[in-house]
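Dropping my_file_9.cif in here (mmCIF, C-alpha atoms):
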```cif
data_start
#
loop_
_atom_site.label_atom_id
_atom_site.label_comp_id
_atom_site.auth_asym_id
_atom_site.auth_seq_id
_atom_site.Cartn_x
_atom_site.Cartn_y
_atom_site.Cartn_z
CA MET W 1191 22.88 -11.79 2.45
CA ALA W 1192 21.28 -10.34 5.56
CA ILE W 1193 21.69 -6.66 6.36
CA SER W 1194 23.41 -5.99 9.66
CA PRO W 1195 21.26 -4.12 12.22
CA TYR W 1196 24.31 -1.89 12.74
CA GLN W 1197 24.51 -0.91 9.04
CA ALA W 1198 20.80 -0.47 8.39
CA VAL W 1199 19.46 2.95 9.34
CA TRP W 1200 16.12 4.42 10.35
CA LEU W 1201 15.84 8.01 9.21
CA ILE W 1202 13.58 10.01 11.54
CA ALA W 1203 12.05 13.34 10.43
CA LEU W 1204 10.60 15.53 13.18
CA PHE W 1205 8.98 18.80 12.26
CA ASP W 1206 7.14 21.75 13.71
CA LEU W 1207 5.57 23.72 10.88
CA PRO W 1208 3.13 26.61 11.06
CA THR W 1209 -0.44 26.11 9.84
CA ASP W 1210 -1.85 29.54 10.69
CA THR W 1211 -2.36 30.74 7.09
CA PRO W 1212 -3.60 29.03 3.93
CA GLU W 1213 -0.09 29.25 2.43
CA ALA W 1214 1.47 27.71 5.54
CA ARG W 1215 -1.08 24.87 5.50
CA ARG W 1216 -0.29 24.19 1.83
CA ALA W 1217 3.45 24.10 2.60
CA TYR W 1218 2.81 21.73 5.54
CA THR W 1219 0.64 19.44 3.40
CA SER W 1220 3.13 19.45 0.54
CA PHE W 1221 6.03 18.59 2.87
CA ARG W 1222 4.08 15.78 4.52
CA LYS W 1223 3.05 14.34 1.14
CA GLN W 1224 6.68 14.40 -0.03
CA LEU W 1225 7.69 12.42 3.06
CA LEU W 1226 5.00 9.83 2.35
CA LYS W 1227 5.97 9.68 -1.32
CA SER W 1228 9.58 9.01 -0.23
CA GLY W 1229 8.48 6.01 1.84
CA PHE W 1230 8.27 7.59 5.28
CA LYS W 1231 5.61 6.30 7.67
CA MET W 1232 3.99 8.35 10.42
CA LEU W 1233 5.07 7.29 13.92
CA GLN W 1234 3.31 10.20 15.65
CA TYR W 1235 1.99 13.55 14.51
CA SER W 1236 4.91 15.38 12.93
CA VAL W 1237 7.25 12.41 13.47
CA TYR W 1238 7.94 10.21 10.44
CA ALA W 1239 10.40 7.36 9.94
CA ARG W 1240 11.88 5.48 7.02
CA TYR W 1241 13.96 2.33 6.99
CA CYS W 1242 17.10 2.45 4.84
CA PRO W 1243 19.32 -0.61 4.34
CA SER W 1244 22.48 1.53 4.41
CA GLU W 1245 23.85 4.93 5.36
CA GLU W 1246 24.20 5.74 1.66
CA LYS W 1247 20.46 5.20 1.05
CA ALA W 1248 19.69 7.30 4.13
CA LYS W 1249 21.75 10.15 2.68
CA VAL W 1250 19.65 10.06 -0.52
CA HIS W 1251 16.47 10.54 1.51
CA HIS W 1252 18.09 13.13 3.74
CA ASN W 1253 18.93 15.16 0.63
CA ARG W 1254 15.36 14.77 -0.65
CA ILE W 1255 14.03 16.23 2.59
CA GLN W 1256 16.43 19.15 2.26
CA ARG W 1257 15.13 19.88 -1.24
CA VAL W 1258 11.46 20.08 -0.15
CA LEU W 1259 11.85 22.05 3.09
CA PRO W 1260 9.00 24.50 3.70
CA PRO W 1261 9.95 28.19 3.97
CA ASP W 1262 8.96 28.45 7.67
CA GLY W 1263 9.08 26.22 10.71
CA GLU W 1264 11.65 23.69 11.85
CA VAL W 1265 12.58 20.27 10.52
CA ARG W 1266 15.02 17.93 12.24
CA VAL W 1267 16.35 14.72 10.72
CA MET W 1268 18.23 12.08 12.67
CA SER W 1269 19.56 8.62 11.93
CA LEU W 1270 19.39 5.60 14.20
CA THR W 1271 20.83 2.21 13.46
CA ASP W 1272 18.28 -0.57 13.18
CA ALA W 1273 19.70 -1.98 16.43
CA GLN W 1274 19.10 1.34 18.24
CA PHE W 1275 15.62 1.71 16.75
CA ALA W 1276 14.73 -1.82 17.90
CA LYS W 1277 15.41 -0.80 21.50
CA MET W 1278 12.61 1.77 21.38
CA LYS W 1279 9.82 1.09 23.82
CA ILE W 1280 6.33 2.03 22.75
CA PHE W 1281 3.61 2.45 25.32
CA HIS W 1282 -0.11 2.64 24.60
CA GLY W 1283 -1.76 3.59 27.86
CA LYS W 1284 -0.61 0.81 30.17
CA THR W 1285 0.10 -1.75 27.44
CA ARG W 1286 3.39 -1.93 25.60
CA GLY W 1287 3.01 -1.99 21.82
CA ALA W 1288 5.29 -3.66 19.30
CA PRO W 1289 7.84 -1.52 17.41
CA GLU W 1290 7.65 -1.12 13.64
CA ARG W 1291 9.17 -4.05 11.81
CA VAL W 1292 11.71 -3.78 9.05
CA PRO W 1293 9.83 -3.77 5.72
CA ASP W 1294 10.15 -6.78 3.43
CA GLN W 1295 11.14 -4.81 0.38
CA ILE W 1296 14.12 -4.38 -1.86
CA GLU W 1297 15.19 -0.89 -2.91
CA MET W 1298 16.54 -0.27 -6.35
CA PHE W 1299 18.18 3.11 -7.00
#
```
Let me see the structure of the file written as structure tokens.
Amino acid sequence: MAISPYQAVWLIALFDLPTDTPEARRAYTSFRKQLLKSGFKMLQYSVYARYCPSEEKAKVHHNRIQRVLPPDGEVRVMSLTDAQFAKMKIFHGKTRGAPERVPDQIEMF
């Protein structure tokens, strides 16, 4: 059964974290590694995205982000339906790039 592009969700994490001290850099690195471990992919510096087949799965990852928040800085998390995410236009200089495709994977939780 195919997942509807209106039920599937892209979870976007945007963050602005300090890196001015060794402790702050460790917190930044730890947070970034936790995002990668949770299946997020870097879209741009400090902007990571993860495909979730449902809102319920997105909530699991949203809660994971909340648990690993660094002590300083700002983290924002937003959800877009797959249909909304597919409308994103990506420009590389003067050439339009292709958006990220939905991964061919099955999640078991």
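The residue that comes closest to Tyr1218 in chain W, out of W:Glu1264, W:Glu1245, W:Gln1256, W:Thr1271 and on the basis of all atoms listed in the file, is W:Glu1264.
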Next item on the list: Show which residues sit within 7 Å of Ala1198 in chain W, as a PyMOL selection string. Count only C-alpha atoms, and ignore same-chain residues fewer than 3 positions away.
Entry: chain W and resi 1193-1195+1242-1245+1271-1272
Notebook entry, point to check: What lies within 12 Å of Ala1203 in chain W using only C-alpha atoms, ignoring chain neighbours under 5 positions off, as a PyMOL selection string?
Noted result: chain W and resi 1221-1222+1224-1226+1228-1241+1248+1251-1252+1254-1256+1259+1264-1270
Would you mind exporting C-alpha atoms of the selected residues as a PDB file, in the coordinates of the input?
```pdb
ATOM      1  CA  PHE W1221       6.030  18.590   2.870  1.00  0.00           C
ATOM      2  CA  ARG W1222       4.080  15.780   4.520  1.00  0.00           C
ATOM      3  CA  GLN W1224       6.680  14.400  -0.030  1.00  0.00           C
ATOM      4  CA  LEU W1225       7.690  12.420   3.060  1.00  0.00           C
ATOM      5  CA  LEU W1226       5.000   9.830   2.350  1.00  0.00           C
ATOM      6  CA  SER W1228       9.580   9.010  -0.230  1.00  0.00           C
ATOM      7  CA  GLY W1229       8.480   6.010   1.840  1.00  0.00           C
ATOM      8  CA  PHE W1230       8.270   7.590   5.280  1.00  0.00           C
ATOM      9  CA  LYS W1231       5.610   6.300   7.670  1.00  0.00           C
ATOM     10  CA  MET W1232       3.990   8.350  10.420  1.00  0.00           C
ATOM     11  CA  LEU W1233       5.070   7.290  13.920  1.00  0.00           C
ATOM     12  CA  GLN W1234       3.310  10.200  15.650  1.00  0.00           C
ATOM     13  CA  TYR W1235       1.990  13.550  14.510  1.00  0.00           C
ATOM     14  CA  SER W1236       4.910  15.380  12.930  1.00  0.00           C
ATOM     15  CA  VAL W1237       7.250  12.410  13.470  1.00  0.00           C
ATOM     16  CA  TYR W1238       7.940  10.210  10.440  1.00  0.00           C
ATOM     17  CA  ALA W1239      10.400   7.360   9.940  1.00  0.00           C
ATOM     18  CA  ARG W1240      11.880   5.480   7.020  1.00  0.00           C
ATOM     19  CA  TYR W1241      13.960   2.330   6.990  1.00  0.00           C
ATOM     20  CA  ALA W1248      19.690   7.300   4.130  1.00  0.00           C
ATOM     21  CA  HIS W1251      16.470  10.540   1.510  1.00  0.00           C
ATOM     22  CA  HIS W1252      18.090  13.130   3.740  1.00  0.00           C
ATOM     23  CA  ARG W1254      15.360  14.770  -0.650  1.00  0.00           C
ATOM     24  CA  ILE W1255      14.030  16.230   2.590  1.00  0.00           C
ATOM     25  CA  GLN W1256      16.430  19.150   2.260  1.00  0.00           C
ATOM     26  CA  LEU W1259      11.850  22.050   3.090  1.00  0.00           C
ATOM     27  CA  GLU W1264      11.650  23.690  11.850  1.00  0.00           C
ATOM     28  CA  VAL W1265      12.580  20.270  10.520  1.00  0.00           C
ATOM     29  CA  ARG W1266      15.020  17.930  12.240  1.00  0.00           C
ATOM     30  CA  VAL W1267      16.350  14.720  10.720  1.00  0.00           C
ATOM     31  CA  MET W1268      18.230  12.080  12.670  1.00  0.00           C
ATOM     32  CA  SER W1269      19.560   8.620  11.930  1.00  0.00           C
ATOM     33  CA  LEU W1270      19.390   5.600  14.200  1.00  0.00           C
TER      34      LEU W1270
END
```
With a distance cut-off of 8 Å and all atoms listed in the file, select the neighbouring residues of range 1288-1290 of chain W, excluding the residue or stretch itself and same-chain residues fewer than 6 positions from it, and output the selection as a PDB file with C-alpha atoms, in the coordinates of the input.
```
ATOM      1  CA  ALA W1276      14.730  -1.820  17.900  1.00  0.00           C
ATOM      2  CA  MET W1278      12.610   1.770  21.380  1.00  0.00           C
ATOM      3  CA  LYS W1279       9.820   1.090  23.820  1.00  0.00           C
ATOM      4  CA  ILE W1280       6.330   2.030  22.750  1.00  0.00           C
TER       5      ILE W1280
END
```
Check: Which residue out of W:Phe1281, W:Leu1201, W:Asp1262, W:Lys1247 has the minimum interatomic distance to Ala1214 in chain W when all atoms listed in the file are used?
Finding: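 Closest to Ala1214 in chain W, using all atoms listed in the file: W:Asp1262.
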Edge lengths and centre in Å to one decimal, as lines of an AutoDock Vina configuration file, is what I'm after for the box along x, y and z that holds all listed atoms of range 1223-1240 of chain W once 8 Å is added on each side.
```
center_x = 6.9
center_y = 10.4
center_z = 7.2
size_x = 25.9
size_y = 25.9
size_z = 33.0
```
Next item on the list: Calculate how many Å separate CA of Lys1284 in chain W from CA of Ile1202 in chain W, rounding to one decimal.
Entry: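 That distance, rounded to one decimal, is 25.2 Å.
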Margin query: So the first atom is CA of Pro1261 in chain W and the second is CA of Leu1207 in chain W; what is the distance between them in Å, to one decimal place?
Written below: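 So the two atoms, CA of Pro1261 in chain W and CA of Leu1207 in chain W, lie 9.3 Å apart.
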Check: Expressed in Å to a single decimal, how great is the separation between CA of Gly1263 in chain W and CA of Thr1211 in chain W?
Finding: 12.8 Å
Margin query: Calculated over all atoms listed in the file, which of the candidates W:Asn1253, W:Thr1219, W:Val1292, W:Pro1212 has the smallest distance to Phe1275 in chain W?
Written below: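 Under the stated criterion, the closest residue is W:Val1292.
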